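> Please see the structure below; I have some questions.
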Amino acid sequence: MSVLADVLSRGLRERINRFQQLQGELQTIVLRRQQIELQLREVDAALKEVDKVLGKGANEAKVYKIIGPILISASIEEVKKELEDKKEVLEVRLKTLEKHEALLKKQVESLRKQLEQELRSSGRTVTEAG
């Protein structure tokens, strides 16, 4: 194999490794996004329950919250405020993850097209190269 062919195949291998790395990062981001979405749904459900209690005029209702391994009583207004704050933080995290996911998808797709073109021009298939 000539030096030029060796350099090309090394560059190709590096791009394939980068492609696989980006795919792994994308999978991680998707998983984190799904976890945040689940937490957001849980917070929304809790807020609905708090609103039901407040809608019944029970501003002095006793509610409990978990702090570590213990359960502590708290005012319903305090719990509602904490849930609203948590929801806001989760929404910001979700937007950040969605932007990161979109960027990674673009990078993966661009690199995939580039690799397919390189492999086609060299007469190889994706399975032969990876």
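By order of appearance in the structure tokens: chains A, B, ..., then residues from 1 within every chain, and ligands from 1 in the order shown.
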Please, which residues of chain A, numbered as in this document, come out strand (DSSP E) from DSSP, as a ChimeraX atom specification?

/A:62-67,70-75

> Go ahead and save the picked residues with all heavy atoms, as a JSON list (two decimals), in the first residue's frame.


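Heads up, here's the output in part-v9.json:
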```json
[["chain", "number", "residue", "atom", "x", "y", "z"],
["A", 62, "LYS", "N", -52.26, 20.32, 54.74],
["A", 62, "LYS", "CA", -50.94, 19.80, 55.08],
["A", 62, "LYS", "C", -50.47, 18.89, 53.94],
["A", 62, "LYS", "O", -51.18, 17.99, 53.53],
["A", 62, "LYS", "CB", -51.00, 19.02, 56.38],
["A", 62, "LYS", "CG", -49.71, 19.04, 57.13],
["A", 62, "LYS", "CD", -49.91, 18.61, 58.55],
["A", 62, "LYS", "CE", -48.95, 19.43, 59.39],
["A", 62, "LYS", "NZ", -48.98, 19.12, 60.78],
["A", 63, "VAL", "N", -49.31, 19.16, 53.44],
["A", 63, "VAL", "CA", -48.69, 18.32, 52.42],
["A", 63, "VAL", "C", -47.31, 17.93, 52.91],
["A", 63, "VAL", "O", -46.78, 18.54, 53.84],
["A", 63, "VAL", "CB", -48.61, 19.03, 51.04],
["A", 63, "VAL", "CG1", -49.98, 19.27, 50.46],
["A", 63, "VAL", "CG2", -47.83, 20.31, 51.12],
["A", 64, "TYR", "N", -46.77, 16.94, 52.27],
["A", 64, "TYR", "CA", -45.46, 16.44, 52.68],
["A", 64, "TYR", "C", -44.55, 16.39, 51.47],
["A", 64, "TYR", "O", -44.99, 16.19, 50.35],
["A", 64, "TYR", "CB", -45.60, 15.04, 53.30],
["A", 64, "TYR", "CG", -46.43, 15.05, 54.55],
["A", 64, "TYR", "CD1", -47.81, 14.91, 54.49],
["A", 64, "TYR", "CD2", -45.83, 15.23, 55.78],
["A", 64, "TYR", "CE1", -48.58, 14.94, 55.64],
["A", 64, "TYR", "CE2", -46.59, 15.26, 56.94],
["A", 64, "TYR", "CZ", -47.96, 15.12, 56.87],
["A", 64, "TYR", "OH", -48.71, 15.16, 58.00],
["A", 65, "LYS", "N", -43.27, 16.57, 51.74],
["A", 65, "LYS", "CA", -42.29, 16.45, 50.67],
["A", 65, "LYS", "C", -41.14, 15.58, 51.17],
["A", 65, "LYS", "O", -40.87, 15.50, 52.37],
["A", 65, "LYS", "CB", -41.79, 17.82, 50.21],
["A", 65, "LYS", "CG", -41.06, 18.63, 51.26],
["A", 65, "LYS", "CD", -40.65, 19.97, 50.69],
["A", 65, "LYS", "CE", -39.91, 20.78, 51.74],
["A", 65, "LYS", "NZ", -39.44, 22.05, 51.20],
["A", 66, "ILE", "N", -40.51, 14.94, 50.21],
["A", 66, "ILE", "CA", -39.40, 14.04, 50.54],
["A", 66, "ILE", "C", -38.10, 14.82, 50.43],
["A", 66, "ILE", "O", -37.83, 15.47, 49.41],
["A", 66, "ILE", "CB", -39.38, 12.83, 49.59],
["A", 66, "ILE", "CG1", -40.63, 11.99, 49.79],
["A", 66, "ILE", "CG2", -38.11, 12.00, 49.81],
["A", 66, "ILE", "CD1", -40.75, 10.84, 48.82],
["A", 67, "ILE", "N", -37.32, 14.75, 51.49],
["A", 67, "ILE", "CA", -35.99, 15.34, 51.48],
["A", 67, "ILE", "C", -35.04, 14.23, 51.89],
["A", 67, "ILE", "O", -35.01, 13.82, 53.05],
["A", 67, "ILE", "CB", -35.88, 16.55, 52.42],
["A", 67, "ILE", "CG1", -36.84, 17.64, 51.98],
["A", 67, "ILE", "CG2", -34.44, 17.06, 52.46],
["A", 67, "ILE", "CD1", -36.82, 18.88, 52.83],
["A", 70, "ILE", "N", -36.19, 11.20, 54.32],
["A", 70, "ILE", "CA", -37.25, 11.52, 55.25],
["A", 70, "ILE", "C", -38.38, 12.31, 54.59],
["A", 70, "ILE", "O", -38.19, 12.95, 53.57],
["A", 70, "ILE", "CB", -36.71, 12.30, 56.48],
["A", 70, "ILE", "CG1", -36.04, 13.61, 56.04],
["A", 70, "ILE", "CG2", -35.76, 11.47, 57.28],
["A", 70, "ILE", "CD1", -35.61, 14.49, 57.19],
["A", 71, "LEU", "N", -39.53, 12.26, 55.21],
["A", 71, "LEU", "CA", -40.73, 12.95, 54.75],
["A", 71, "LEU", "C", -40.99, 14.10, 55.72],
["A", 71, "LEU", "O", -41.05, 13.89, 56.93],
["A", 71, "LEU", "CB", -41.90, 11.96, 54.75],
["A", 71, "LEU", "CG", -43.11, 12.26, 53.93],
["A", 71, "LEU", "CD1", -42.75, 12.39, 52.46],
["A", 71, "LEU", "CD2", -44.15, 11.16, 54.10],
["A", 72, "ILE", "N", -41.14, 15.30, 55.19],
["A", 72, "ILE", "CA", -41.31, 16.50, 56.02],
["A", 72, "ILE", "C", -42.59, 17.21, 55.62],
["A", 72, "ILE", "O", -42.89, 17.34, 54.42],
["A", 72, "ILE", "CB", -40.11, 17.45, 55.85],
["A", 72, "ILE", "CG1", -38.84, 16.78, 56.35],
["A", 72, "ILE", "CG2", -40.34, 18.77, 56.56],
["A", 72, "ILE", "CD1", -37.60, 17.62, 56.19],
["A", 73, "SER", "N", -43.34, 17.71, 56.61],
["A", 73, "SER", "CA", -44.53, 18.48, 56.27],
["A", 73, "SER", "C", -44.11, 19.87, 55.80],
["A", 73, "SER", "O", -43.08, 20.40, 56.22],
["A", 73, "SER", "CB", -45.47, 18.58, 57.48],
["A", 73, "SER", "OG", -44.89, 19.35, 58.49],
["A", 74, "ALA", "N", -44.90, 20.42, 54.88],
["A", 74, "ALA", "CA", -44.59, 21.73, 54.33],
["A", 74, "ALA", "C", -45.90, 22.41, 53.95],
["A", 74, "ALA", "O", -46.92, 21.75, 53.77],
["A", 74, "ALA", "CB", -43.70, 21.58, 53.09],
["A", 75, "SER", "N", -45.85, 23.71, 53.84],
["A", 75, "SER", "CA", -47.06, 24.42, 53.41],
["A", 75, "SER", "C", -47.28, 24.15, 51.93],
["A", 75, "SER", "O", -46.34, 23.97, 51.16],
["A", 75, "SER", "CB", -46.92, 25.93, 53.66],
["A", 75, "SER", "OG", -46.09, 26.52, 52.68]]
```

> Set the distance at 12 Å and use only C-alpha atoms: which residues neighbour Glu91 (chain A) once local chain neighbours fewer than 2 positions away are removed? I'd like the list as an MDAnalysis selection string.

chainID A and resid 33 36:41 43:44 84:89 93:98

> May I have the residues from that selection written out with C-alpha atoms, as a compact mmCIF listing (two decimals), in the first residue's frame?


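For reference, part-v1.txt as written:
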```txt
# COMPACT_ATOMS: atom_id res chain seq x y z
CA ARG A 33 -33.69 14.43 27.14
CA ILE A 36 -35.85 15.32 31.71
CA GLU A 37 -39.17 14.92 29.87
CA LEU A 38 -40.20 12.25 32.39
CA GLN A 39 -39.27 14.49 35.33
CA LEU A 40 -41.21 17.34 33.73
CA ARG A 41 -44.31 15.17 33.40
CA VAL A 43 -43.70 17.81 38.15
CA ASP A 44 -46.71 18.76 35.99
CA GLU A 84 -42.83 25.72 39.76
CA ASP A 85 -39.12 26.50 40.20
CA LYS A 86 -38.20 22.91 39.42
CA LYS A 87 -40.41 22.98 36.32
CA GLU A 88 -38.69 26.14 35.11
CA VAL A 89 -35.24 24.61 35.56
CA ARG A 93 -32.49 21.99 30.58
CA LEU A 94 -34.87 20.42 28.07
CA LYS A 95 -34.44 23.29 25.60
CA THR A 96 -30.66 23.09 25.96
CA LEU A 97 -30.68 19.33 25.35
CA GLU A 98 -33.00 19.71 22.35
```

> What does the structure give for the distance between CA of Leu104 (chain A) and CA of Leu31 (chain A), in Å to one decimal?

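We find that CA of Leu104 (chain A) and CA of Leu31 (chain A) lie 13.6 Å from each other.
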
> Just the number, please: distance in Å from CA of Ala46 (chain A) to CA of Val30 (chain A), one decimal.

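Separation of CA of Ala46 (chain A) and CA of Val30 (chain A): 24.5 Å.
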
> As a PDB file with C-alpha atoms, in the first residue's frame, please: all residues of region 8-124 of chain A that backbone DSSP puts in helix (DSSP H, G or I).


```
ATOM      1  CA  LEU A   8      -6.248   8.262   3.138  1.00  0.00           C
ATOM      2  CA  SER A   9      -7.337   5.082   4.876  1.00  0.00           C
ATOM      3  CA  ARG A  10      -6.096   6.458   8.219  1.00  0.00           C
ATOM      4  CA  GLY A  11      -8.109   9.646   7.631  1.00  0.00           C
ATOM      5  CA  LEU A  12     -11.115   7.568   6.693  1.00  0.00           C
ATOM      6  CA  ARG A  13     -10.736   5.448   9.823  1.00  0.00           C
ATOM      7  CA  GLU A  14     -10.527   8.621  11.919  1.00  0.00           C
ATOM      8  CA  ARG A  15     -13.737   9.961  10.355  1.00  0.00           C
ATOM      9  CA  ILE A  16     -15.497   6.642  10.934  1.00  0.00           C
ATOM     10  CA  ASN A  17     -14.368   6.716  14.577  1.00  0.00           C
ATOM     11  CA  ARG A  18     -15.613  10.310  14.861  1.00  0.00           C
ATOM     12  CA  PHE A  19     -18.940   9.249  13.321  1.00  0.00           C
ATOM     13  CA  GLN A  20     -19.312   6.468  15.895  1.00  0.00           C
ATOM     14  CA  GLN A  21     -18.354   8.864  18.686  1.00  0.00           C
ATOM     15  CA  LEU A  22     -20.986  11.380  17.548  1.00  0.00           C
ATOM     16  CA  GLN A  23     -23.610   8.626  17.391  1.00  0.00           C
ATOM     17  CA  GLY A  24     -22.764   7.660  20.977  1.00  0.00           C
ATOM     18  CA  GLU A  25     -23.019  11.276  22.119  1.00  0.00           C
ATOM     19  CA  LEU A  26     -26.356  11.600  20.347  1.00  0.00           C
ATOM     20  CA  GLN A  27     -27.701   8.481  22.081  1.00  0.00           C
ATOM     21  CA  THR A  28     -26.594   9.893  25.443  1.00  0.00           C
ATOM     22  CA  ILE A  29     -28.286  13.238  24.756  1.00  0.00           C
ATOM     23  CA  VAL A  30     -31.503  11.521  23.644  1.00  0.00           C
ATOM     24  CA  LEU A  31     -31.527   9.463  26.859  1.00  0.00           C
ATOM     25  CA  ARG A  32     -30.924  12.557  29.007  1.00  0.00           C
ATOM     26  CA  ARG A  33     -33.688  14.426  27.140  1.00  0.00           C
ATOM     27  CA  GLN A  34     -36.108  11.561  27.772  1.00  0.00           C
ATOM     28  CA  GLN A  35     -35.221  11.570  31.485  1.00  0.00           C
ATOM     29  CA  ILE A  36     -35.855  15.320  31.712  1.00  0.00           C
ATOM     30  CA  GLU A  37     -39.173  14.924  29.873  1.00  0.00           C
ATOM     31  CA  LEU A  38     -40.201  12.248  32.392  1.00  0.00           C
ATOM     32  CA  GLN A  39     -39.274  14.489  35.329  1.00  0.00           C
ATOM     33  CA  LEU A  40     -41.206  17.342  33.732  1.00  0.00           C
ATOM     34  CA  ARG A  41     -44.310  15.166  33.401  1.00  0.00           C
ATOM     35  CA  GLU A  42     -43.991  14.163  37.070  1.00  0.00           C
ATOM     36  CA  VAL A  43     -43.701  17.807  38.154  1.00  0.00           C
ATOM     37  CA  ASP A  44     -46.706  18.757  35.995  1.00  0.00           C
ATOM     38  CA  ALA A  45     -48.759  15.963  37.568  1.00  0.00           C
ATOM     39  CA  ALA A  46     -47.754  17.096  41.064  1.00  0.00           C
ATOM     40  CA  LEU A  47     -48.635  20.705  40.230  1.00  0.00           C
ATOM     41  CA  LYS A  48     -52.078  19.619  39.020  1.00  0.00           C
ATOM     42  CA  GLU A  49     -52.685  17.838  42.321  1.00  0.00           C
ATOM     43  CA  VAL A  50     -51.555  20.889  44.281  1.00  0.00           C
ATOM     44  CA  ASP A  51     -53.846  23.091  42.191  1.00  0.00           C
ATOM     45  CA  LYS A  52     -56.765  20.719  42.906  1.00  0.00           C
ATOM     46  CA  VAL A  53     -56.183  21.097  46.637  1.00  0.00           C
ATOM     47  CA  LEU A  54     -55.836  24.866  46.351  1.00  0.00           C
ATOM     48  CA  GLY A  55     -58.954  24.990  44.169  1.00  0.00           C
ATOM     49  CA  ILE A  76     -48.865  23.830  50.158  1.00  0.00           C
ATOM     50  CA  GLU A  77     -47.778  27.243  48.867  1.00  0.00           C
ATOM     51  CA  GLU A  78     -44.130  26.394  49.578  1.00  0.00           C
ATOM     52  CA  VAL A  79     -44.463  23.078  47.754  1.00  0.00           C
ATOM     53  CA  LYS A  80     -46.164  24.761  44.804  1.00  0.00           C
ATOM     54  CA  LYS A  81     -43.380  27.359  44.555  1.00  0.00           C
ATOM     55  CA  GLU A  82     -40.707  24.645  44.682  1.00  0.00           C
ATOM     56  CA  LEU A  83     -42.489  22.649  41.980  1.00  0.00           C
ATOM     57  CA  GLU A  84     -42.832  25.719  39.757  1.00  0.00           C
ATOM     58  CA  ASP A  85     -39.122  26.501  40.200  1.00  0.00           C
ATOM     59  CA  LYS A  86     -38.196  22.907  39.419  1.00  0.00           C
ATOM     60  CA  LYS A  87     -40.411  22.978  36.324  1.00  0.00           C
ATOM     61  CA  GLU A  88     -38.692  26.142  35.107  1.00  0.00           C
ATOM     62  CA  VAL A  89     -35.243  24.611  35.562  1.00  0.00           C
ATOM     63  CA  LEU A  90     -36.301  21.404  33.796  1.00  0.00           C
ATOM     64  CA  GLU A  91     -37.749  23.355  30.863  1.00  0.00           C
ATOM     65  CA  VAL A  92     -34.461  25.249  30.433  1.00  0.00           C
ATOM     66  CA  ARG A  93     -32.489  21.986  30.582  1.00  0.00           C
ATOM     67  CA  LEU A  94     -34.867  20.418  28.070  1.00  0.00           C
ATOM     68  CA  LYS A  95     -34.437  23.292  25.605  1.00  0.00           C
ATOM     69  CA  THR A  96     -30.663  23.085  25.960  1.00  0.00           C
ATOM     70  CA  LEU A  97     -30.679  19.329  25.345  1.00  0.00           C
ATOM     71  CA  GLU A  98     -33.004  19.706  22.352  1.00  0.00           C
ATOM     72  CA  LYS A  99     -30.639  22.268  20.791  1.00  0.00           C
ATOM     73  CA  HIS A 100     -27.639  20.029  21.464  1.00  0.00           C
ATOM     74  CA  GLU A 101     -29.493  17.040  20.024  1.00  0.00           C
ATOM     75  CA  ALA A 102     -30.394  18.954  16.852  1.00  0.00           C
ATOM     76  CA  LEU A 103     -26.772  20.057  16.414  1.00  0.00           C
ATOM     77  CA  LEU A 104     -25.471  16.513  16.889  1.00  0.00           C
ATOM     78  CA  LYS A 105     -28.038  15.149  14.426  1.00  0.00           C
ATOM     79  CA  LYS A 106     -26.821  17.625  11.806  1.00  0.00           C
ATOM     80  CA  GLN A 107     -23.195  16.677  12.452  1.00  0.00           C
ATOM     81  CA  VAL A 108     -23.954  12.947  12.298  1.00  0.00           C
ATOM     82  CA  GLU A 109     -25.921  13.322   9.068  1.00  0.00           C
ATOM     83  CA  SER A 110     -23.245  15.486   7.459  1.00  0.00           C
ATOM     84  CA  LEU A 111     -20.474  13.078   8.404  1.00  0.00           C
ATOM     85  CA  ARG A 112     -22.589  10.098   7.289  1.00  0.00           C
ATOM     86  CA  LYS A 113     -23.045  11.652   3.839  1.00  0.00           C
ATOM     87  CA  GLN A 114     -19.361  12.473   3.623  1.00  0.00           C
ATOM     88  CA  LEU A 115     -18.383   8.927   4.584  1.00  0.00           C
ATOM     89  CA  GLU A 116     -20.838   7.373   2.143  1.00  0.00           C
ATOM     90  CA  GLN A 117     -19.438   9.505  -0.652  1.00  0.00           C
ATOM     91  CA  GLU A 118     -15.842   8.620   0.263  1.00  0.00           C
ATOM     92  CA  LEU A 119     -16.645   4.938   0.526  1.00  0.00           C
ATOM     93  CA  ARG A 120     -18.536   4.947  -2.763  1.00  0.00           C
ATOM     94  CA  SER A 121     -15.645   6.650  -4.523  1.00  0.00           C
ATOM     95  CA  SER A 122     -13.185   4.127  -3.079  1.00  0.00           C
TER      96      SER A 122
END
```
